[in-house]
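The file my_file_6.txt contains compact mmCIF, C-alpha atoms and all ligand atoms:
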```
# COMPACT_ATOMS: atom_id res chain seq x y z
CA MET A 1 -45.91 12.95 16.59
CA MET A 2 -49.56 13.59 17.07
CA THR A 3 -51.86 13.41 20.03
CA GLU A 4 -55.27 12.02 20.61
CA SER A 5 -57.10 13.17 23.68
CA LEU A 6 -60.10 10.91 23.75
CA ASP A 7 -63.41 11.44 25.46
CA THR A 8 -63.06 7.87 26.70
CA GLY A 9 -60.85 9.14 29.52
CA TRP A 10 -57.50 8.27 27.96
CA PHE A 11 -54.73 10.63 26.86
CA THR A 12 -52.80 9.14 23.96
CA GLU A 13 -49.62 10.39 22.29
CA VAL A 14 -49.18 8.66 18.94
CA PHE A 15 -45.61 8.25 17.67
CA ASP A 16 -46.63 7.99 14.03
CA SER A 17 -43.13 7.59 12.60
CA HIS A 18 -42.43 4.66 14.95
CA GLY A 19 -45.82 2.97 14.71
CA SER A 20 -46.35 3.13 18.46
CA ALA A 21 -48.26 5.12 21.07
CA PHE A 22 -48.36 5.85 24.79
CA SER A 23 -51.59 6.22 26.77
CA LEU A 24 -52.49 7.24 30.30
CA LYS A 25 -55.89 7.08 31.91
CA VAL A 26 -56.88 10.62 32.83
CA ARG A 27 -59.31 11.96 35.40
CA GLU A 28 -59.61 15.47 33.94
CA LYS A 29 -57.89 18.18 31.95
CA LEU A 30 -56.62 20.78 34.42
CA TRP A 31 -55.16 23.40 32.09
CA ASP A 32 -55.21 24.34 28.42
CA VAL A 33 -53.44 27.46 27.18
CA THR A 34 -51.93 28.46 23.87
CA SER A 35 -48.95 30.74 24.35
CA ALA A 36 -47.08 32.67 21.69
CA TYR A 37 -44.83 29.60 21.28
CA GLN A 38 -46.77 26.42 21.95
CA HIS A 39 -49.93 24.67 23.12
CA LEU A 40 -49.68 23.68 26.79
CA GLU A 41 -51.98 21.18 28.48
CA VAL A 42 -51.98 19.67 31.98
CA TYR A 43 -53.94 16.52 32.81
CA ALA A 44 -54.65 14.78 36.12
CA THR A 45 -53.99 11.09 35.45
CA GLU A 46 -55.13 8.03 37.40
CA THR A 47 -51.67 6.61 38.16
CA TYR A 48 -48.92 9.08 37.06
CA GLY A 49 -50.07 12.18 38.94
CA ASN A 50 -50.19 15.35 36.87
CA LEU A 51 -49.00 15.26 33.26
CA MET A 52 -47.64 18.22 31.24
CA VAL A 53 -48.02 18.15 27.45
CA LEU A 54 -46.53 20.68 24.98
CA ASP A 55 -47.74 20.70 21.36
CA GLY A 56 -49.12 17.20 21.89
CA CYS A 57 -45.84 15.78 23.22
CA VAL A 58 -45.58 14.53 26.80
CA MET A 59 -43.08 16.65 28.75
CA LEU A 60 -43.27 15.22 32.23
CA SER A 61 -45.35 13.44 34.81
CA ASP A 62 -45.28 13.66 38.59
CA ARG A 63 -44.45 9.98 38.83
CA ASP A 64 -41.37 9.60 36.63
CA ASN A 65 -39.84 13.07 36.05
CA PHE A 66 -37.13 12.33 38.64
CA LEU A 67 -35.43 10.02 36.14
CA TYR A 68 -34.97 12.72 33.51
CA HIS A 69 -34.21 15.60 35.86
CA GLU A 70 -31.59 13.72 37.85
CA MET A 71 -29.91 12.32 34.74
CA ILE A 72 -29.73 15.62 32.87
CA ALA A 73 -28.26 17.41 35.91
CA HIS A 74 -26.01 15.19 38.03
CA PRO A 75 -23.80 13.39 35.46
CA ALA A 76 -22.82 16.76 33.93
CA LEU A 77 -22.18 18.39 37.31
CA PHE A 78 -20.09 15.45 38.55
CA ALA A 79 -18.17 15.36 35.24
CA HIS A 80 -16.99 18.91 35.99
CA ALA A 81 -14.16 19.37 38.51
CA ALA A 82 -15.86 22.17 40.48
CA PRO A 83 -18.96 23.68 38.84
CA LYS A 84 -19.87 27.16 40.08
CA ARG A 85 -21.72 28.90 37.25
CA VAL A 86 -24.48 26.91 35.51
CA VAL A 87 -26.83 27.85 32.65
CA ILE A 88 -30.02 25.94 31.78
CA ILE A 89 -31.60 26.55 28.37
CA GLY A 90 -35.26 25.46 28.35
CA GLY A 91 -36.26 23.52 31.47
CA GLY A 92 -39.07 25.97 32.31
CA ASP A 93 -40.73 23.35 34.53
CA CYS A 94 -37.78 24.03 36.90
CA GLY A 95 -37.14 20.34 37.76
CA THR A 96 -33.58 20.52 36.41
CA LEU A 97 -32.98 23.78 38.26
CA ARG A 98 -33.99 22.09 41.51
CA GLU A 99 -31.47 19.27 40.92
CA VAL A 100 -28.62 21.66 40.05
CA LEU A 101 -29.23 23.66 43.23
CA LYS A 102 -28.70 20.50 45.31
CA HIS A 103 -24.95 20.95 44.60
CA PRO A 104 -23.62 23.14 47.40
CA GLY A 105 -20.62 24.32 45.32
CA VAL A 106 -22.86 25.87 42.64
CA GLU A 107 -22.89 29.64 43.10
CA HIS A 108 -25.25 30.83 40.36
CA VAL A 109 -27.75 29.21 37.97
CA THR A 110 -29.44 31.08 35.13
CA LEU A 111 -32.45 29.38 33.54
CA ILE A 112 -33.58 30.73 30.18
CA ASP A 113 -36.88 29.38 28.85
CA ILE A 114 -38.64 30.91 25.86
CA ASP A 115 -42.09 30.47 27.44
CA GLU A 116 -43.10 31.83 30.85
CA GLU A 117 -46.41 29.90 30.63
CA VAL A 118 -44.47 26.66 31.25
CA THR A 119 -43.07 27.98 34.54
CA LYS A 120 -46.45 29.38 35.58
CA ALA A 121 -48.07 25.98 34.94
CA ALA A 122 -45.27 24.21 36.86
CA GLU A 123 -45.72 26.53 39.85
CA ARG A 124 -49.42 25.75 39.91
CA PHE A 125 -49.57 22.05 38.99
CA PHE A 126 -46.05 20.72 39.80
CA PRO A 127 -45.12 22.72 42.92
CA ALA A 128 -42.45 20.22 44.03
CA LEU A 129 -40.41 21.05 40.90
CA THR A 130 -40.41 24.78 41.59
CA GLU A 131 -39.65 24.55 45.32
CA SER A 132 -36.07 25.85 44.83
CA ASN A 133 -37.00 28.83 42.64
CA ASP A 134 -36.56 31.26 45.55
CA ASP A 135 -33.00 30.07 46.18
CA PRO A 136 -30.85 33.24 45.96
CA ARG A 137 -28.50 31.45 43.54
CA ALA A 138 -31.33 30.98 40.99
CA GLU A 139 -32.11 33.46 38.22
CA LEU A 140 -35.05 32.88 35.82
CA LYS A 141 -35.26 34.61 32.45
CA PHE A 142 -37.87 34.25 29.73
CA ALA A 143 -36.21 34.64 26.33
CA ASP A 144 -35.08 32.65 23.30
CA GLY A 145 -32.16 30.49 24.42
CA VAL A 146 -30.47 30.77 21.01
CA LYS A 147 -30.43 34.57 21.21
CA TRP A 148 -29.37 34.58 24.88
CA VAL A 149 -26.45 32.28 24.12
CA ASP A 150 -25.46 34.49 21.16
CA GLU A 151 -25.20 37.52 23.43
CA ALA A 152 -23.57 35.92 26.51
CA ASP A 153 -19.90 36.45 27.40
CA ASP A 154 -17.30 33.95 26.19
CA GLU A 155 -15.72 31.67 28.81
CA SER A 156 -18.24 32.61 31.50
CA VAL A 157 -19.99 29.29 32.26
CA ASP A 158 -18.91 25.96 33.84
CA VAL A 159 -21.89 23.76 32.91
CA MET A 160 -24.49 24.33 30.16
CA ILE A 161 -27.65 22.22 30.28
CA ILE A 162 -29.90 22.13 27.21
CA ASP A 163 -33.24 20.92 28.61
CA SER A 164 -35.33 21.51 25.53
CA THR A 165 -38.34 20.16 23.71
CA ASP A 166 -37.80 17.98 20.62
CA PRO A 167 -35.79 19.47 17.71
CA VAL A 168 -38.84 20.94 15.96
CA GLY A 169 -40.63 24.26 16.52
CA PRO A 170 -39.02 26.71 18.98
CA ALA A 171 -36.28 24.22 19.99
CA GLU A 172 -35.03 23.57 16.44
CA GLY A 173 -32.20 26.08 16.74
CA LEU A 174 -30.92 24.39 19.92
CA PHE A 175 -29.81 21.36 17.90
CA LYS A 176 -27.89 23.28 15.20
CA THR A 177 -24.10 23.24 14.84
CA ASP A 178 -23.77 27.02 15.21
CA PHE A 179 -25.55 26.85 18.57
CA LEU A 180 -23.17 24.12 19.77
CA LYS A 181 -20.17 26.21 18.65
CA ARG A 182 -21.52 29.14 20.58
CA CYS A 183 -22.02 26.92 23.68
CA HIS A 184 -18.41 25.81 23.35
CA ARG A 185 -17.22 29.42 23.34
CA LEU A 186 -19.35 30.26 26.39
CA LEU A 187 -17.80 27.49 28.46
CA ARG A 188 -14.65 27.99 30.47
CA GLN A 189 -11.82 25.48 30.05
CA GLY A 190 -12.91 22.26 31.80
CA GLY A 191 -16.54 23.11 30.99
CA VAL A 192 -19.26 20.56 30.33
CA MET A 193 -22.36 20.79 28.15
CA VAL A 194 -25.27 18.36 28.27
CA GLN A 195 -28.25 18.08 25.95
CA GLN A 196 -31.35 15.89 26.13
CA SER A 197 -30.85 13.63 23.12
CA GLU A 198 -34.03 11.64 22.49
CA SER A 199 -34.58 7.86 22.42
CA PRO A 200 -31.61 5.42 22.27
CA LEU A 201 -33.87 2.89 20.53
CA TYR A 202 -35.34 5.23 17.92
CA HIS A 203 -32.64 7.87 17.44
CA SER A 204 -29.18 6.34 18.02
CA GLY A 205 -28.47 6.17 14.29
CA SER A 206 -29.94 9.60 13.53
CA ILE A 207 -30.42 12.48 16.02
CA ILE A 208 -27.95 11.18 18.65
CA ARG A 209 -25.24 10.24 16.15
CA GLU A 210 -25.56 13.62 14.43
CA LEU A 211 -25.51 15.51 17.75
CA ARG A 212 -22.31 13.67 18.80
CA ARG A 213 -20.66 14.52 15.46
CA ASP A 214 -21.81 18.13 15.67
CA MET A 215 -20.50 18.45 19.25
CA ARG A 216 -17.06 17.24 18.11
CA ALA A 217 -17.22 19.57 15.09
CA ALA A 218 -18.02 22.44 17.49
CA GLY A 219 -14.69 21.83 19.27
CA PHE A 220 -15.60 19.48 22.15
CA GLU A 221 -12.89 16.84 22.62
CA SER A 222 -14.99 14.27 24.46
CA VAL A 223 -18.59 13.14 24.12
CA ALA A 224 -20.66 10.62 26.13
CA THR A 225 -24.28 9.51 25.69
CA LEU A 226 -26.01 8.18 28.81
CA PRO A 227 -29.25 6.20 28.40
CA PHE A 228 -31.82 5.91 31.17
CA PRO A 229 -35.41 4.69 31.55
CA GLN A 230 -38.25 7.16 30.95
CA PRO A 231 -41.66 5.50 30.78
CA VAL A 232 -43.62 8.51 29.45
CA TYR A 233 -41.32 9.24 26.47
CA PRO A 234 -41.35 7.48 23.08
CA SER A 235 -39.96 3.92 23.49
CA GLY A 236 -39.85 4.33 27.29
CA TRP A 237 -36.13 4.98 27.10
CA TRP A 238 -34.29 8.29 26.80
CA SER A 239 -30.77 9.75 26.73
CA VAL A 240 -28.61 12.73 27.53
CA THR A 241 -25.40 13.51 25.64
CA LEU A 242 -22.50 15.21 27.44
CA ALA A 243 -19.64 17.08 25.77
CA GLY A 244 -16.42 18.25 27.43
CA LYS A 245 -14.20 21.27 26.69
CA GLY A 246 -10.75 20.17 27.84
CA VAL A 247 -12.27 17.53 30.12
CA ASP A 248 -13.12 13.86 29.57
CA VAL A 249 -16.86 13.44 30.16
CA LYS A 250 -16.45 9.65 30.22
CA SER A 251 -15.00 10.07 33.70
CA PHE A 252 -16.49 11.86 36.69
CA ARG A 253 -15.90 12.71 40.38
CA GLU A 254 -16.98 9.25 41.40
CA ALA A 255 -15.86 9.53 45.05
CA ASP A 256 -17.75 12.83 45.42
CA ALA A 257 -20.87 11.34 43.81
CA ALA A 258 -20.68 8.32 46.13
CA ALA A 259 -20.14 10.47 49.23
CA SER A 260 -22.88 13.00 48.38
CA ASP A 261 -25.72 13.34 50.89
CA MET A 262 -28.18 14.79 48.35
CA THR A 263 -31.66 13.28 48.52
CA LEU A 264 -32.07 11.50 45.16
CA ASP A 265 -34.30 8.79 43.72
CA TYR A 266 -32.32 7.46 40.72
CA TYR A 267 -28.85 8.94 40.34
CA THR A 268 -25.97 7.23 42.14
CA ALA A 269 -22.28 6.90 41.31
CA GLU A 270 -23.02 3.31 40.22
CA ALA A 271 -25.95 4.39 38.00
CA HIS A 272 -23.67 7.00 36.38
CA ARG A 273 -20.92 4.44 35.75
CA GLY A 274 -23.48 1.93 34.42
CA ALA A 275 -25.00 4.49 32.03
CA LEU A 276 -21.53 5.17 30.59
CA ALA A 277 -21.26 1.48 29.55
CA LEU A 278 -23.01 1.77 26.20
CA PRO A 279 -24.83 -1.24 24.76
CA PRO A 280 -23.21 -2.59 21.54
CA PHE A 281 -26.10 -1.48 19.30
CA MET A 282 -25.53 2.14 20.35
CA ARG A 283 -21.76 1.91 19.87
CA ARG A 284 -22.34 0.46 16.39
CA ALA A 285 -24.89 3.17 15.55
CA PHE A 286 -22.36 5.87 16.51
CA GLU A 287 -19.76 4.22 14.23
CA GLU A 288 -16.95 5.24 16.54
N1 LIG B 301 -38.11 17.03 29.50
C1 LIG B 301 -38.60 17.56 28.29
C2 LIG B 301 -38.40 16.69 27.10
O1 LIG B 301 -37.34 16.06 26.91
O2 LIG B 301 -39.33 16.59 26.29
C3 LIG B 301 -38.22 18.97 28.14
C4 LIG B 301 -38.80 19.77 29.26
S1 LIG B 301 -38.83 21.47 29.22
C5 LIG B 301 -40.56 21.69 29.60
C6 LIG B 301 -38.62 22.01 27.57
C7 LIG B 301 -38.66 23.52 27.49
O3 LIG B 301 -37.88 23.98 26.39
C8 LIG B 301 -40.05 24.12 27.30
O4 LIG B 301 -40.45 24.76 28.48
C9 LIG B 301 -39.88 25.10 26.12
O5 LIG B 301 -40.56 26.33 26.34
C10 LIG B 301 -38.37 25.29 26.11
N2 LIG B 301 -37.80 25.77 24.85
C11 LIG B 301 -38.05 25.32 23.58
N3 LIG B 301 -37.36 26.07 22.70
C12 LIG B 301 -36.64 26.99 23.41
C13 LIG B 301 -35.74 28.03 23.06
N4 LIG B 301 -35.42 28.28 21.77
N5 LIG B 301 -35.20 28.77 24.07
C14 LIG B 301 -35.50 28.52 25.36
N6 LIG B 301 -36.36 27.56 25.75
C15 LIG B 301 -36.91 26.80 24.79
```
Using the file provided, produce a representation of the structure as structure tokens.
Ligand code: SAM
Amino acid sequence: MMTESLDTGWFTEVFDSHGSAFSLKVREKLWDVTSAYQHLEVYATETYGNLMVLDGCVMLSDRDNFLYHEMIAHPALFAHAAPKRVVIIGGGDCGTLREVLKHPGVEHVTLIDIDEEVTKAAERFFPALTESNDDPRAELKFADGVKWVDEADDESVDVMIIDSTDPVGPAEGLFKTDFLKRCHRLLRQGGVMVQQSESPLYHSGSIIRELRRDMRAAGFESVATLPFPQPVYPSGWWSVTLAGKGVDVKSFREADAAASDMTLDYYTAEAHRGALALPPFMRRAFEE
């Protein structure tokens, strides 16, 4: 992918390999910093609020980040019988952390992002996403997620959320089979892992299919890919893939999800059930 930030007042991310692009009309560039890991920009747009961009790829906008953050957090947490200890790898914008902390049964969440600049920018330009960072159950660490997972205790985590950038650059190692094996060892019996898994339209027959195979090869007995809309990402459609250790991630605590009084904008028990009903083209692409 490459980006064009034009003087005409439009931000454009070009998806070269898919012959398409996404543009937003911008008012101004608010932030531009190059960290040890990546190039981070924040724009004020006309209609999507603030926009965060890492290495030219759109990460999130004020207007539609609720879709991604709710769908990476709640299906995994409701697929687990009683999640208490949660780990988030990546997710430095803290939107996923905020969603996880909405579950009253969760006792401790550790977020490990490689780049503190992402969290600093979120605190300044996306304050709603970081509003739960002072929750006493939240712990933020800035380190390489691959290394952190290597050193963590076996069977110590209930839910692992991999909220990473695309599988290039610093996030490459988060999509490798060895990393998935290590995640499997870290989870207690009944544990659930979830990973952002790119576009159903563009990647069902490649990245998503390979991730599902690799998750099974890592020891997970059940796997489920849930698509959901995401206007600012390539193709406007995105996915998360869940994997269960001794638990079927195609089912979930539906009554609890329906009875929950969390304030949400997209996730419901019905949306979860609907997302589990894969379209035929995805089932065919997975060859299962
Ligand atoms: N929603 C986004 C998406 O799908 O494009 C991802 C959001 S989040 C901002 C991605 C985060 O992953 C970034 O903050 C980046 O610093 C972090 N990250 C990338 N590689 C990492 C690694 N090896 N360990 C920990 N965090 C990593």
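Using all atoms listed in the file for every distance, the candidate list A:Trp148, A:Tyr266, A:Phe11, A:Phe252 yields A:Trp148 as the residue closest to ligand LIG 301 (chain B).
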Next item on the list: Would you mind listing the residues within 8 Å of ligand LIG 301 (chain B), counting only C-alpha atoms and all ligand atoms, as a PyMOL selection string?
Entry: chain A and resi 37-38+54+57-60+65+68-69+89-93+112-116+118-119+142-146+163-166+169-174+196-198+233
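Restricting the calculation to only C-alpha atoms, the smallest distance between Arg212 (chain A) and any of A:Arg188, A:Lys176, A:Arg182, A:Lys25 is found for A:Lys176.
With distances restricted to all atoms listed in the file, A:Cys94 is the closest residue to Ser132 (chain A) from A:Leu51, A:Leu111, A:Cys94, A:Val247.
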Item checked: Contacts of Met215 (chain A) within 8 Å, only C-alpha atoms, excl. fewer than 3 positions in-chain, as a PyMOL selection string -> chain A and resi 177+180-181+211-212+218-220+223+243
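The gap separating CA of Met262 (chain A) from CA of His103 (chain A) is 7.9 Å, in Å to one decimal.
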Checklist line | Point-to-point distance in Å for CA of Glu155 (chain A) and CA of Leu187 (chain A) | finding: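 Interatomic distance, CA of Leu187 (chain A) to CA of Glu155 (chain A): 4.7 Å.
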Checklist line | Counting only C-alpha atoms, the residue of A:Asn50, A:Val86, A:Pro127, A:Leu67 that sits nearest Asp265 (chain A) | finding: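 When distances to Asp265 (chain A) are compared using only C-alpha atoms, the smallest one comes from A:Leu67.
Taking CA of Val106 (chain A) and CA of Thr241 (chain A) as the two end points, the separation is 21.2 Å.
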Notebook entry, point to check: Which is closer to Trp31 (chain A) than all the others in A:Phe125, A:Tyr48, A:Phe15, A:Phe66, using all atoms listed in the file?
Noted result: A:Phe125
Check: Looking at all atoms listed in the file, which of A:Ala217, A:Ala275, A:Met160, A:Leu30 is the one that sits closest to His80 (chain A)?
Finding: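 Smallest separation from His80 (chain A) among the options: A:Met160.
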